[in-house]
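Next up, query20.csv (CSV, C-alpha atoms and all ligand atoms):
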chain,number,residue,atom,x,y,z
L,1,MET,CA,0.0,0.0,0.0
L,2,SER,CA,1.3,3.4,-0.9
L,3,HIS,CA,1.8,6.0,1.8
L,4,VAL,CA,0.9,8.7,-0.7
L,5,MET,CA,-2.6,9.9,0.1
L,6,ASN,CA,-5.0,8.7,-2.6
L,7,THR,CA,-6.1,12.0,-4.1
L,8,TYR,CA,-5.2,11.4,-7.8
L,9,ASN,CA,-6.1,8.9,-10.5
L,10,ARG,CA,-2.6,8.6,-11.7
L,11,LEU,CA,-1.5,7.1,-15.0
L,12,PRO,CA,0.9,4.2,-14.7
L,13,VAL,CA,4.0,6.1,-15.9
L,14,ALA,CA,6.8,7.8,-14.0
L,15,PHE,CA,9.2,10.2,-15.8
L,16,GLU,CA,12.9,10.4,-15.1
L,17,ARG,CA,14.1,13.3,-17.3
L,18,GLY,CA,13.1,15.8,-19.9
L,19,GLU,CA,14.5,17.9,-22.6
L,20,GLY,CA,12.5,20.5,-24.6
L,21,VAL,CA,9.1,19.0,-25.4
L,22,TRP,CA,10.3,15.5,-24.7
L,23,LEU,CA,10.1,13.3,-21.6
L,24,TRP,CA,11.7,9.9,-20.9
L,25,ASP,CA,10.1,7.5,-18.4
L,26,VAL,CA,12.0,5.2,-16.0
L,27,ASP,CA,12.2,2.5,-18.7
L,28,GLY,CA,13.7,4.9,-21.2
L,29,ARG,CA,10.6,5.3,-23.3
L,30,GLN,CA,10.2,8.7,-25.0
L,31,TYR,CA,7.1,10.8,-25.0
L,32,LEU,CA,6.0,14.0,-26.7
L,33,ASP,CA,4.7,16.3,-24.0
L,34,ALA,CA,1.6,18.0,-25.4
L,35,LEU,CA,0.3,19.0,-21.9
L,36,ALA,CA,3.4,20.7,-20.3
L,37,GLY,CA,2.4,19.8,-16.7
L,38,ILE,CA,-1.0,21.5,-17.4
L,39,ALA,CA,0.2,24.7,-19.0
L,40,VAL,CA,3.1,25.0,-16.5
L,41,ASN,CA,6.3,24.1,-18.5
L,42,GLY,CA,6.1,26.8,-21.1
L,43,LEU,CA,9.8,26.6,-21.7
L,44,GLY,CA,9.6,22.8,-22.0
L,45,HIS,CA,11.9,20.7,-19.8
L,46,ALA,CA,15.4,21.5,-18.6
L,47,HIS,CA,15.7,24.7,-20.5
L,48,PRO,CA,19.4,25.5,-20.1
L,49,ARG,CA,18.9,29.2,-19.3
L,50,LEU,CA,16.2,28.4,-16.7
L,51,VAL,CA,18.3,25.7,-15.1
L,52,GLN,CA,21.2,28.1,-14.9
L,53,ALA,CA,19.1,30.9,-13.3
L,54,ILE,CA,17.6,28.6,-10.7
L,55,ALA,CA,21.0,27.0,-9.9
L,56,GLN,CA,22.7,30.3,-9.6
L,57,GLN,CA,20.0,31.7,-7.3
L,58,ALA,CA,19.9,28.6,-5.2
L,59,GLY,CA,23.6,29.0,-4.6
L,60,GLN,CA,23.1,32.6,-3.6
L,61,LEU,CA,19.8,32.9,-1.6
L,62,ILE,CA,16.7,30.7,-1.6
L,63,HIS,CA,14.5,32.3,1.0
L,64,THR,CA,14.6,35.2,3.4
L,65,SER,CA,11.1,36.4,4.5
L,66,ASN,CA,8.5,39.0,3.5
L,67,ILE,CA,9.6,40.7,6.8
L,68,TYR,CA,12.4,42.1,4.6
L,69,ARG,CA,12.6,43.7,1.2
L,70,VAL,CA,13.0,41.0,-1.5
L,71,LEU,CA,14.6,42.6,-4.5
L,72,HIS,CA,13.8,39.8,-7.0
L,73,GLN,CA,10.1,40.2,-6.0
L,74,GLU,CA,10.2,44.0,-6.6
L,75,GLU,CA,11.9,43.3,-10.0
L,76,LEU,CA,9.3,40.7,-11.0
L,77,ALA,CA,6.4,43.0,-9.9
L,78,ASP,CA,7.8,45.7,-12.1
L,79,ALA,CA,8.2,43.3,-15.1
L,80,LEU,CA,4.7,41.8,-14.8
L,81,CYS,CA,3.0,45.2,-14.2
L,82,ALA,CA,4.8,46.5,-17.3
L,83,LEU,CA,3.6,43.6,-19.5
L,84,ALA,CA,0.1,43.6,-18.1
L,85,GLY,CA,-0.5,47.4,-17.7
L,86,MET,CA,-1.2,46.8,-14.0
L,87,ASP,CA,0.0,48.7,-11.0
L,88,GLN,CA,0.8,46.2,-8.2
L,89,ALA,CA,1.6,42.5,-7.6
L,90,PHE,CA,1.1,40.2,-4.6
L,91,PHE,CA,3.0,36.9,-4.8
L,92,CYS,CA,2.0,33.6,-3.5
L,93,ASN,CA,2.5,29.9,-4.3
L,94,SER,CA,-0.3,28.6,-6.5
L,95,GLY,CA,-3.3,29.4,-8.6
L,96,ALA,CA,-5.7,28.8,-5.8
L,97,GLU,CA,-3.8,31.1,-3.5
L,98,ALA,CA,-3.7,33.8,-6.1
L,99,ASN,CA,-7.5,33.6,-6.5
L,100,GLU,CA,-7.8,33.6,-2.7
L,101,ALA,CA,-5.9,36.9,-2.7
L,102,ALA,CA,-8.3,38.2,-5.4
L,103,ILE,CA,-11.4,37.1,-3.5
L,104,LYS,CA,-10.1,38.7,-0.3
L,105,LEU,CA,-9.2,41.9,-2.1
L,106,ALA,CA,-12.7,42.1,-3.6
L,107,ARG,CA,-14.3,41.5,-0.2
L,108,LEU,CA,-12.1,44.2,1.4
L,109,TYR,CA,-12.9,46.5,-1.4
L,110,GLY,CA,-16.6,45.9,-0.7
L,111,HIS,CA,-16.3,46.5,3.0
L,112,GLN,CA,-14.3,49.7,2.3
L,113,ARG,CA,-17.4,50.9,0.3
L,114,GLY,CA,-19.9,50.0,3.0
L,115,ILE,CA,-21.0,46.6,1.7
L,116,ASP,CA,-21.1,44.2,4.6
L,117,THR,CA,-21.9,41.0,2.6
L,118,PRO,CA,-19.8,41.5,-0.5
L,119,THR,CA,-20.7,39.1,-3.3
L,120,ILE,CA,-18.7,38.1,-6.4
L,121,VAL,CA,-20.2,37.1,-9.7
L,122,VAL,CA,-18.7,33.8,-10.9
L,123,MET,CA,-19.4,31.6,-13.9
L,124,GLU,CA,-20.9,28.2,-14.6
L,125,LYS,CA,-18.1,25.6,-15.4
L,126,ALA,CA,-15.5,28.0,-13.8
L,127,TRP,CA,-12.3,26.6,-12.2
L,128,HIS,CA,-10.5,28.7,-9.6
L,129,GLY,CA,-8.9,26.1,-7.3
L,130,ARG,CA,-9.5,23.7,-4.5
L,131,THR,CA,-9.2,25.7,-1.3
L,132,ILE,CA,-12.6,26.3,0.4
L,133,ALA,CA,-13.0,29.8,-1.0
L,134,THR,CA,-11.8,29.0,-4.5
L,135,LEU,CA,-13.8,25.7,-4.5
L,136,SER,CA,-16.9,27.7,-3.7
L,137,ALA,CA,-16.1,30.0,-6.6
L,138,THR,CA,-15.5,27.0,-8.9
L,139,GLY,CA,-18.5,25.8,-11.0
L,140,SER,CA,-18.0,22.1,-10.7
L,141,ARG,CA,-20.5,20.2,-8.5
L,142,LYS,CA,-18.2,17.1,-8.8
L,143,ALA,CA,-15.3,19.0,-7.2
L,144,GLN,CA,-17.5,20.6,-4.5
L,145,ALA,CA,-19.5,17.5,-3.5
L,146,GLY,CA,-18.7,16.4,0.1
L,147,PHE,CA,-17.1,19.6,1.1
L,148,GLU,CA,-20.2,21.6,2.0
L,149,PRO,CA,-20.8,24.0,3.6
L,150,LEU,CA,-19.3,26.0,0.9
L,151,LEU,CA,-18.5,29.7,1.4
L,152,ALA,CA,-21.3,32.2,0.8
L,153,GLY,CA,-20.6,35.4,-1.1
L,154,PHE,CA,-20.8,34.1,-4.7
L,155,VAL,CA,-23.5,34.3,-7.3
L,156,ARG,CA,-23.2,32.1,-10.4
L,157,VAL,CA,-24.2,32.9,-14.0
L,158,PRO,CA,-23.8,31.2,-17.3
L,159,TYR,CA,-20.6,31.9,-19.2
L,160,ASN,CA,-20.8,34.3,-22.2
L,161,ASP,CA,-24.2,35.5,-21.2
L,162,MET,CA,-24.4,39.2,-20.7
L,163,ALA,CA,-28.1,39.3,-20.0
L,164,ALA,CA,-27.6,37.0,-17.0
L,165,VAL,CA,-25.1,39.3,-15.4
L,166,LYS,CA,-27.3,42.3,-16.1
L,167,ALA,CA,-30.2,40.5,-14.4
L,168,VAL,CA,-28.1,39.9,-11.3
L,169,ALA,CA,-27.0,43.5,-11.3
L,170,GLU,CA,-30.7,44.6,-11.2
L,171,HIS,CA,-31.6,42.9,-8.0
L,172,ASN,CA,-28.4,42.2,-6.0
L,173,ARG,CA,-27.0,45.3,-4.3
L,174,ASN,CA,-24.1,43.4,-2.7
L,175,ILE,CA,-22.0,42.7,-5.9
L,176,VAL,CA,-18.5,43.9,-5.6
L,177,ALA,CA,-16.7,42.1,-8.5
L,178,VAL,CA,-16.9,39.7,-11.4
L,179,LEU,CA,-14.4,36.8,-11.7
L,180,LEU,CA,-13.9,35.5,-15.2
L,181,GLU,CA,-11.6,33.1,-17.0
L,182,PRO,CA,-11.0,34.6,-20.5
L,183,ILE,CA,-10.9,31.0,-21.7
L,184,GLN,CA,-12.2,28.3,-19.4
L,185,GLY,CA,-9.5,25.6,-19.2
L,186,GLU,CA,-10.8,22.9,-16.9
L,187,GLY,CA,-14.4,23.7,-18.0
L,188,GLY,CA,-13.6,22.5,-21.6
L,189,ILE,CA,-11.6,25.3,-23.4
L,190,ASN,CA,-14.6,27.6,-23.6
L,191,VAL,CA,-13.6,31.0,-25.1
L,192,ALA,CA,-15.2,34.2,-23.9
L,193,ASP,CA,-16.4,36.4,-26.8
L,194,VAL,CA,-14.5,39.6,-27.1
L,195,GLU,CA,-17.7,41.6,-27.1
L,196,TYR,CA,-18.9,39.8,-23.9
L,197,GLN,CA,-15.6,40.6,-22.2
L,198,ARG,CA,-15.8,44.3,-23.2
L,199,SER,CA,-19.5,44.6,-22.1
L,200,LEU,CA,-18.7,42.9,-18.8
L,201,GLN,CA,-15.9,45.3,-18.1
L,202,GLN,CA,-18.1,48.2,-19.1
L,203,LEU,CA,-20.8,47.0,-16.7
L,204,CYS,CA,-18.2,46.7,-13.9
L,205,ARG,CA,-17.1,50.3,-14.5
L,206,GLU,CA,-20.7,51.6,-14.4
L,207,ARG,CA,-21.4,49.7,-11.1
L,208,ASP,CA,-18.1,50.2,-9.4
L,209,TRP,CA,-17.5,46.4,-9.5
L,210,LEU,CA,-14.0,45.1,-9.9
L,211,TYR,CA,-13.4,43.3,-13.2
L,212,MET,CA,-11.2,40.3,-12.2
L,213,VAL,CA,-9.7,37.8,-14.6
L,214,ASP,CA,-8.4,34.4,-13.7
L,215,GLU,CA,-5.5,34.0,-16.1
L,216,VAL,CA,-3.9,31.1,-14.1
L,217,GLN,CA,-4.0,28.9,-17.2
L,218,THR,CA,-4.3,31.4,-20.1
L,219,GLY,CA,-1.6,33.8,-18.9
L,220,ILE,CA,2.1,34.1,-19.6
L,221,GLY,CA,2.0,33.6,-23.4
L,222,ARG,CA,-0.2,30.5,-23.5
L,223,THR,CA,-2.7,32.0,-26.0
L,224,GLY,CA,-0.1,33.9,-28.1
L,225,TYR,CA,-0.5,37.1,-26.0
L,226,TRP,CA,1.1,37.7,-22.7
L,227,PHE,CA,-2.4,37.6,-21.2
L,228,ALA,CA,-5.5,36.3,-22.9
L,229,THR,CA,-7.4,39.4,-21.8
L,230,GLN,CA,-5.2,41.4,-24.2
L,231,HIS,CA,-7.0,39.7,-27.2
L,232,ALA,CA,-9.9,42.0,-26.2
L,233,GLN,CA,-7.6,45.0,-25.5
L,234,ILE,CA,-8.8,45.0,-21.9
L,235,VAL,CA,-6.8,45.9,-18.8
L,236,PRO,CA,-8.7,44.4,-15.9
L,237,ASP,CA,-8.7,45.6,-12.3
L,238,VAL,CA,-7.4,42.3,-10.9
L,239,MET,CA,-5.4,39.7,-12.8
L,240,VAL,CA,-4.6,36.3,-11.3
L,241,LEU,CA,-1.6,34.3,-12.6
L,242,ALA,CA,0.2,31.1,-11.7
L,243,LYS,CA,0.8,28.0,-13.9
L,244,GLY,CA,3.2,29.2,-16.6
L,245,LEU,CA,4.7,32.0,-14.5
L,246,GLY,CA,7.6,30.0,-12.9
L,247,SER,CA,8.1,27.3,-15.6
L,248,GLY,CA,7.6,24.7,-12.9
L,249,VAL,CA,8.6,26.3,-9.6
L,250,PRO,CA,5.5,27.1,-7.5
L,251,ILE,CA,4.5,30.7,-7.8
L,252,GLY,CA,1.2,32.6,-8.1
L,253,ALA,CA,0.5,36.3,-8.5
L,254,CYS,CA,-2.5,38.6,-8.0
L,255,LEU,CA,-2.0,41.8,-9.9
L,256,ALA,CA,-4.1,44.9,-9.1
L,257,ALA,CA,-4.8,48.2,-11.0
L,258,GLY,CA,-7.1,51.2,-10.8
L,259,PRO,CA,-9.8,50.8,-8.1
L,260,ALA,CA,-8.2,47.6,-6.9
L,261,ARG,CA,-4.9,49.3,-6.3
L,262,ASP,CA,-3.9,50.0,-2.6
L,263,VAL,CA,-7.0,48.0,-1.3
L,264,PHE,CA,-4.7,45.8,0.8
L,265,LYS,CA,-2.7,47.5,3.5
L,266,PRO,CA,0.0,46.0,5.7
L,267,GLY,CA,-1.5,43.2,7.8
L,268,ASN,CA,-4.4,42.4,5.4
L,269,HIS,CA,-2.8,39.6,3.6
L,270,GLY,CA,0.5,37.6,3.5
L,271,THR,CA,2.3,34.4,3.1
L,272,THR,CA,5.6,32.8,4.4
L,273,PHE,CA,6.9,31.5,1.1
L,274,GLY,CA,5.3,33.8,-1.5
L,275,GLY,CA,7.6,35.7,-3.8
L,276,GLY,CA,10.9,34.3,-2.4
L,277,PRO,CA,14.2,34.9,-4.3
L,278,LEU,CA,14.3,31.4,-5.9
L,279,VAL,CA,10.9,31.4,-7.5
L,280,CYS,CA,11.1,35.1,-8.5
L,281,ALA,CA,14.5,34.4,-10.2
L,282,ALA,CA,12.8,31.5,-12.1
L,283,ALA,CA,9.9,33.7,-13.1
L,284,LEU,CA,12.2,36.6,-14.2
L,285,ALA,CA,14.2,34.1,-16.3
L,286,THR,CA,11.0,32.8,-17.8
L,287,LEU,CA,9.9,36.2,-18.9
L,288,SER,CA,13.2,37.1,-20.5
L,289,ILE,CA,13.6,33.8,-22.2
L,290,MET,CA,10.1,34.1,-23.6
L,291,GLN,CA,11.0,37.6,-25.0
L,292,ASP,CA,14.4,36.5,-26.4
L,293,GLU,CA,13.0,33.4,-28.1
L,294,LYS,CA,9.8,35.2,-29.3
L,295,LEU,CA,7.6,32.6,-27.7
L,296,LEU,CA,4.4,34.7,-28.0
L,297,GLU,CA,4.8,34.7,-31.8
L,298,ASN,CA,5.6,31.0,-31.7
L,299,ALA,CA,2.5,30.2,-29.6
L,300,GLN,CA,0.4,32.0,-32.2
L,301,HIS,CA,2.1,30.3,-35.1
L,302,GLN,CA,2.1,26.8,-33.7
L,303,GLY,CA,-1.5,27.2,-32.5
L,304,GLN,CA,-2.5,28.0,-36.0
L,305,ARG,CA,-0.5,25.1,-37.3
L,306,LEU,CA,-2.1,22.7,-34.8
L,307,HIS,CA,-5.5,24.0,-35.6
L,308,ALA,CA,-5.0,23.7,-39.4
L,309,GLY,CA,-3.5,20.2,-38.9
L,310,PHE,CA,-6.4,18.9,-36.9
L,311,THR,CA,-9.0,20.6,-39.1
L,312,GLU,CA,-7.5,18.8,-42.1
L,313,ALA,CA,-6.9,15.5,-40.4
L,314,LEU,CA,-10.3,15.3,-38.8
L,315,ALA,CA,-12.3,16.8,-41.7
L,316,GLY,CA,-15.7,15.1,-42.1
L,317,VAL,CA,-15.1,12.8,-39.2
L,318,ALA,CA,-18.5,12.2,-37.5
L,319,GLY,CA,-18.4,13.0,-33.8
L,320,VAL,CA,-15.9,15.8,-33.9
L,321,MET,CA,-18.0,18.7,-32.5
L,322,ALA,CA,-15.5,21.5,-32.4
L,323,ILE,CA,-11.8,22.4,-32.5
L,324,ARG,CA,-11.3,25.6,-30.5
L,325,GLY,CA,-9.0,27.7,-28.4
L,326,GLN,CA,-6.3,30.3,-28.8
L,327,GLY,CA,-2.6,30.0,-29.4
L,328,LEU,CA,-1.4,26.8,-27.7
L,329,MET,CA,-4.5,26.3,-25.6
L,330,MET,CA,-6.6,24.0,-27.6
L,331,GLY,CA,-9.6,21.8,-27.2
L,332,ILE,CA,-11.1,19.2,-29.5
L,333,GLU,CA,-14.6,18.4,-28.4
L,334,LEU,CA,-16.0,15.0,-29.2
L,335,ALA,CA,-19.6,13.8,-29.2
L,336,ARG,CA,-19.1,11.5,-26.3
L,337,PRO,CA,-16.9,11.1,-23.2
L,338,CYS,CA,-13.3,10.3,-24.3
L,339,GLY,CA,-11.2,9.9,-21.2
L,340,GLU,CA,-9.8,6.6,-22.5
L,341,LEU,CA,-7.9,8.5,-25.2
L,342,VAL,CA,-5.5,9.7,-22.6
L,343,LYS,CA,-4.1,6.2,-22.0
L,344,GLN,CA,-4.2,5.3,-25.7
L,345,ALA,CA,-2.1,8.4,-26.5
L,346,LEU,CA,0.3,7.6,-23.7
L,347,GLU,CA,0.8,4.2,-25.3
L,348,LYS,CA,1.6,6.0,-28.5
L,349,GLY,CA,4.2,8.2,-26.7
L,350,LEU,CA,2.0,11.3,-26.5
L,351,LEU,CA,0.9,13.2,-23.4
L,352,ILE,CA,-2.5,14.8,-23.6
L,353,ASN,CA,-5.5,15.4,-21.3
L,354,VAL,CA,-9.2,15.2,-21.4
L,355,THR,CA,-11.3,17.7,-19.6
L,356,ALA,CA,-15.0,18.3,-19.1
L,357,ASP,CA,-15.4,14.6,-20.1
L,358,THR,CA,-15.6,15.2,-23.8
L,359,VAL,CA,-12.8,17.7,-24.6
L,360,VAL,CA,-9.3,16.6,-25.6
L,361,ARG,CA,-7.1,19.3,-24.2
L,362,LEU,CA,-3.7,20.3,-25.7
L,363,LEU,CA,-1.4,22.6,-23.8
L,364,PRO,CA,2.1,21.9,-25.3
L,365,PRO,CA,5.2,23.9,-24.3
L,366,LEU,CA,5.5,27.3,-26.0
L,367,ILE,CA,8.8,26.2,-27.5
L,368,LEU,CA,7.0,23.7,-29.7
L,369,ASN,CA,8.5,23.7,-33.3
L,370,ASP,CA,6.8,22.9,-36.6
L,371,GLY,CA,7.9,19.3,-36.7
L,372,GLU,CA,6.8,18.6,-33.1
L,373,ALA,CA,3.4,20.3,-33.8
L,374,ASP,CA,3.0,18.0,-36.8
L,375,GLN,CA,3.9,15.0,-34.6
L,376,ILE,CA,1.1,15.8,-32.2
L,377,VAL,CA,-1.4,15.8,-35.1
L,378,MET,CA,0.0,12.6,-36.6
L,379,ARG,CA,-0.1,10.7,-33.3
L,380,LEU,CA,-3.4,12.0,-32.1
L,381,ALA,CA,-5.7,12.4,-35.1
L,382,PRO,CA,-5.7,8.6,-35.9
L,383,LEU,CA,-6.5,7.8,-32.3
L,384,ILE,CA,-9.5,10.1,-32.3
L,385,LYS,CA,-10.7,8.7,-35.6
L,386,THR,CA,-10.5,5.1,-34.4
L,387,PHE,CA,-12.1,6.0,-31.1
L,388,LEU,CA,-15.1,7.7,-32.9
L,389,SER,CA,-15.5,4.9,-35.4
L,390,THR,CA,-15.9,2.2,-32.6
L,391,ALA,CA,-19.1,1.9,-30.8
L,392,PRO,CA,-19.1,3.1,-27.1
L,401,LIG,C1,-5.2,25.4,-12.4
L,401,LIG,C2,-6.1,26.6,-12.2
L,401,LIG,C3,-6.3,27.1,-10.9
L,401,LIG,C4,-5.8,26.5,-9.7
L,401,LIG,O1,-4.4,26.6,-9.6
L,401,LIG,P1,-3.6,25.6,-8.6
L,401,LIG,O2,-2.2,26.0,-8.7
L,401,LIG,O3,-3.9,24.2,-8.9
L,401,LIG,O4,-4.2,26.0,-7.2
L,401,LIG,C5,-7.1,28.3,-10.8
L,401,LIG,N1,-7.6,28.8,-11.9
L,401,LIG,C6,-7.5,28.3,-13.2
L,401,LIG,C7,-8.1,29.0,-14.3
L,401,LIG,C8,-6.7,27.2,-13.4
L,401,LIG,O5,-6.6,26.7,-14.6
Spell out the structure here as structure tokens.
Ligand SMILES: *Cc1c(COP(=O)(O)O)cnc(C)c1O
Amino acid sequence: MSHVMNTYNRLPVAFERGEGVWLWDVDGRQYLDALAGIAVNGLGHAHPRLVQAIAQQAGQLIHTSNIYRVLHQEELADALCALAGMDQAFFCNSGAEANEAAIKLARLYGHQRGIDTPTIVVMEKAWHGRTIATLSATGSRKAQAGFEPLLAGFVRVPYNDMAAVKAVAEHNRNIVAVLLEPIQGEGGINVADVEYQRSLQQLCRERDWLYMVDEVQTGIGRTGYWFATQHAQIVPDVMVLAKGLGSGVPIGACLAAGPARDVFKPGNHGTTFGGGPLVCAAALATLSIMQDEKLLENAQHQGQRLHAGFTEALAGVAGVMAIRGQGLMMGIELARPCGELVKQALEKGLLINVTADTVVRLLPPLILNDGEADQIVMRLAPLIKTFLSTAP
């Protein structure tokens, strides 16, 4: 019996090393990684410049405390705010924690404006994490079941439905913020319309609500922009980051601007580990490598290549409902639950994921090249075809 607590349905494979988009398991088998640790390893595996930056920083200083100034943290806050057009950054250790910061910020903002029961508008099929507050904000009954009582202070509306938000605005006087994923990742690669995002931000302005975006999965170049919200030319009031930010070291960030700026004062929020020298050095290296290697352009280019490749390879195949996404965040929705494809792909040396039961999800490293993109299509498309041609 394993002493690891049984919280994951793990695939029967263990990896020993990686290089670029490739991984090798303990038996020496090679895999093309089209998942990147769920949008984490944007630079692929063992990127020499990242390894060097982490090793160098580990030899110099790993941790001090937020009791002191942390210069790497200040530098990273400057860099992220410049890229995002935001004003301030709070650093923590995960996506859930970064959303916790956003939720607390919105509540405090509400209290500062005399709203005693501040309420945040969240979306159906949303994913914001597994802590009690972020689980309550998440729109998955499956994830929530058994952990009631959930936290009050959220009201849920359908995604991409402006009328639903307006209806809530009419009768609920306690709303202080909206929390939106520009593309829902866990929810099935559902893309928010640009017009919807703009109208939502406009409504937030009119009502003095904070417009908060969860870019934990979409941020840091994943969609071909630094942040997916930039597709809609929007600068939000709060932006939540994590997954790709540290290329594998645990770091999350909650950025604030405009009305969300200066809401937190000393003593309102904090963390022991958050924003330490080691993780900030990794994040700074990530940002500069992405710039030097033009990985935003590459994410756009390879995203188009994958999209074109699958569109051609799956043309006319009954049961392929949609191929959607942006940049290197892609979903192929099938007509029926397709979880078994994950294991079939693994056997063919390809790492993928299935989310929302019916959506094959691809989140390859942003360093993917043309040949590797074509490999993903060549390995996966035949599996999908065979799967759809056999009766359930
Ligand atoms: C993964 C994810 C989270 C949770 O991040 P953790 O690091 O697992 O806590 C939150 N929001 C979105 C959009 C995510 O994709």
Just give me the gap between atom CA of L:Lys104 and atom CA of L:Leu150 in Å, one decimal is fine.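 One can read the atom CA of L:Lys104 to atom CA of L:Leu150 distance as 15.7 Å.
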List all protein, DNA and RNA residues that have any atom at most 7 Å from ligand LIG 401 (chain L), counting only C-alpha atoms and all ligand atoms, and write the list as a list in words. Ser94, Gly95, Ala96, Glu97, Asn99, Trp127, His128, Gly129, Arg130, Glu181, Gln184, Gly185, Glu186, Asp214, Glu215, Val216, Gln217, Ala242 and Lys243 of chain L
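Checking L:Pro250, L:Gly153, L:Gly319, L:Pro382 one by one against L:Lys348, counting only C-alpha atoms, you find the shortest gap at L:Pro382.
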In Å, rounded to a single decimal, give me how far atom CA of L:Leu380 is from atom CA of L:Glu347.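 Computing the Euclidean distance for atom CA of L:Glu347 and atom CA of L:Leu380 yields 11.2 Å.
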Give me, please, the distance in Å between atom CA of L:Thr119 and atom CA of L:Val176, quoted to one decimal. 5.8 Å
Spatial neighbours of L:Asp262, 12 Å, only C-alpha atoms, chain gap at least 3 places, as a PyMOL selection string: chain L and resi 87-90+105-106+108-109+112+237-238+255-259+265-266+268
Which polymer residues have any atom within 8 Å of an atom of L:Pro182, counting all atoms listed in the file, with same-chain residues fewer than 2 positions away left out, as a PyMOL selection string? chain L and resi 180+184+191-192+197+213-215+218+228-229
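Using only C-alpha atoms, the shortest contact distance between L:Ala318 and any of L:Met330, L:Ile384, L:Val51, L:Ala46 is found at L:Ile384.
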Between L:Thr117, L:Leu278, L:Leu200, L:Ala152, single out the one closest to L:Ala164, counting all atoms listed in the file. L:Leu200
Measuring atom to atom with all atoms listed in the file, identify which of L:Ala282, L:Arg336, L:Pro158, L:Val263 is nearest to L:Ile62.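 Among the listed residues, L:Ala282 lies closest to L:Ile62.
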Taking (-5.7, 4.3, -24.1) as a centre in this file's frame and 12 Å as the limit, can you find every polymer residue with an atom that close, using all atoms listed in the file, and give them as an mmCIF file with C-alpha atoms, in the coordinates of the input?
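Heads up, here's the output in out11.cif:
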data_model
loop_
_atom_site.group_PDB
_atom_site.id
_atom_site.type_symbol
_atom_site.label_atom_id
_atom_site.label_comp_id
_atom_site.auth_asym_id
_atom_site.auth_seq_id
_atom_site.Cartn_x
_atom_site.Cartn_y
_atom_site.Cartn_z
ATOM 1 C CA LEU L 11 -1.500 7.100 -15.000
ATOM 2 C CA PRO L 12 0.900 4.200 -14.700
ATOM 3 C CA CYS L 338 -13.300 10.300 -24.300
ATOM 4 C CA GLY L 339 -11.200 9.900 -21.200
ATOM 5 C CA GLU L 340 -9.800 6.600 -22.500
ATOM 6 C CA LEU L 341 -7.900 8.500 -25.200
ATOM 7 C CA VAL L 342 -5.500 9.700 -22.600
ATOM 8 C CA LYS L 343 -4.100 6.200 -22.000
ATOM 9 C CA GLN L 344 -4.200 5.300 -25.700
ATOM 10 C CA ALA L 345 -2.100 8.400 -26.500
ATOM 11 C CA LEU L 346 0.300 7.600 -23.700
ATOM 12 C CA GLU L 347 0.800 4.200 -25.300
ATOM 13 C CA LYS L 348 1.600 6.000 -28.500
ATOM 14 C CA GLY L 349 4.200 8.200 -26.700
ATOM 15 C CA LEU L 350 2.000 11.300 -26.500
ATOM 16 C CA LEU L 351 0.900 13.200 -23.400
ATOM 17 C CA ILE L 352 -2.500 14.800 -23.600
ATOM 18 C CA ASN L 353 -5.500 15.400 -21.300
ATOM 19 C CA VAL L 354 -9.200 15.200 -21.400
ATOM 20 C CA LEU L 380 -3.400 12.000 -32.100
ATOM 21 C CA LEU L 383 -6.500 7.800 -32.300
ATOM 22 C CA ILE L 384 -9.500 10.100 -32.300
ATOM 23 C CA THR L 386 -10.500 5.100 -34.400
ATOM 24 C CA PHE L 387 -12.100 6.000 -31.100
#
I need the residue nearest L:Cys81 from this list: L:Met239, L:Gly371, L:Arg107, L:Met162. Use all atoms listed in the file for the distance.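 Between L:Met239, L:Gly371, L:Arg107, L:Met162, the residue approaching L:Cys81 most closely is L:Met239.
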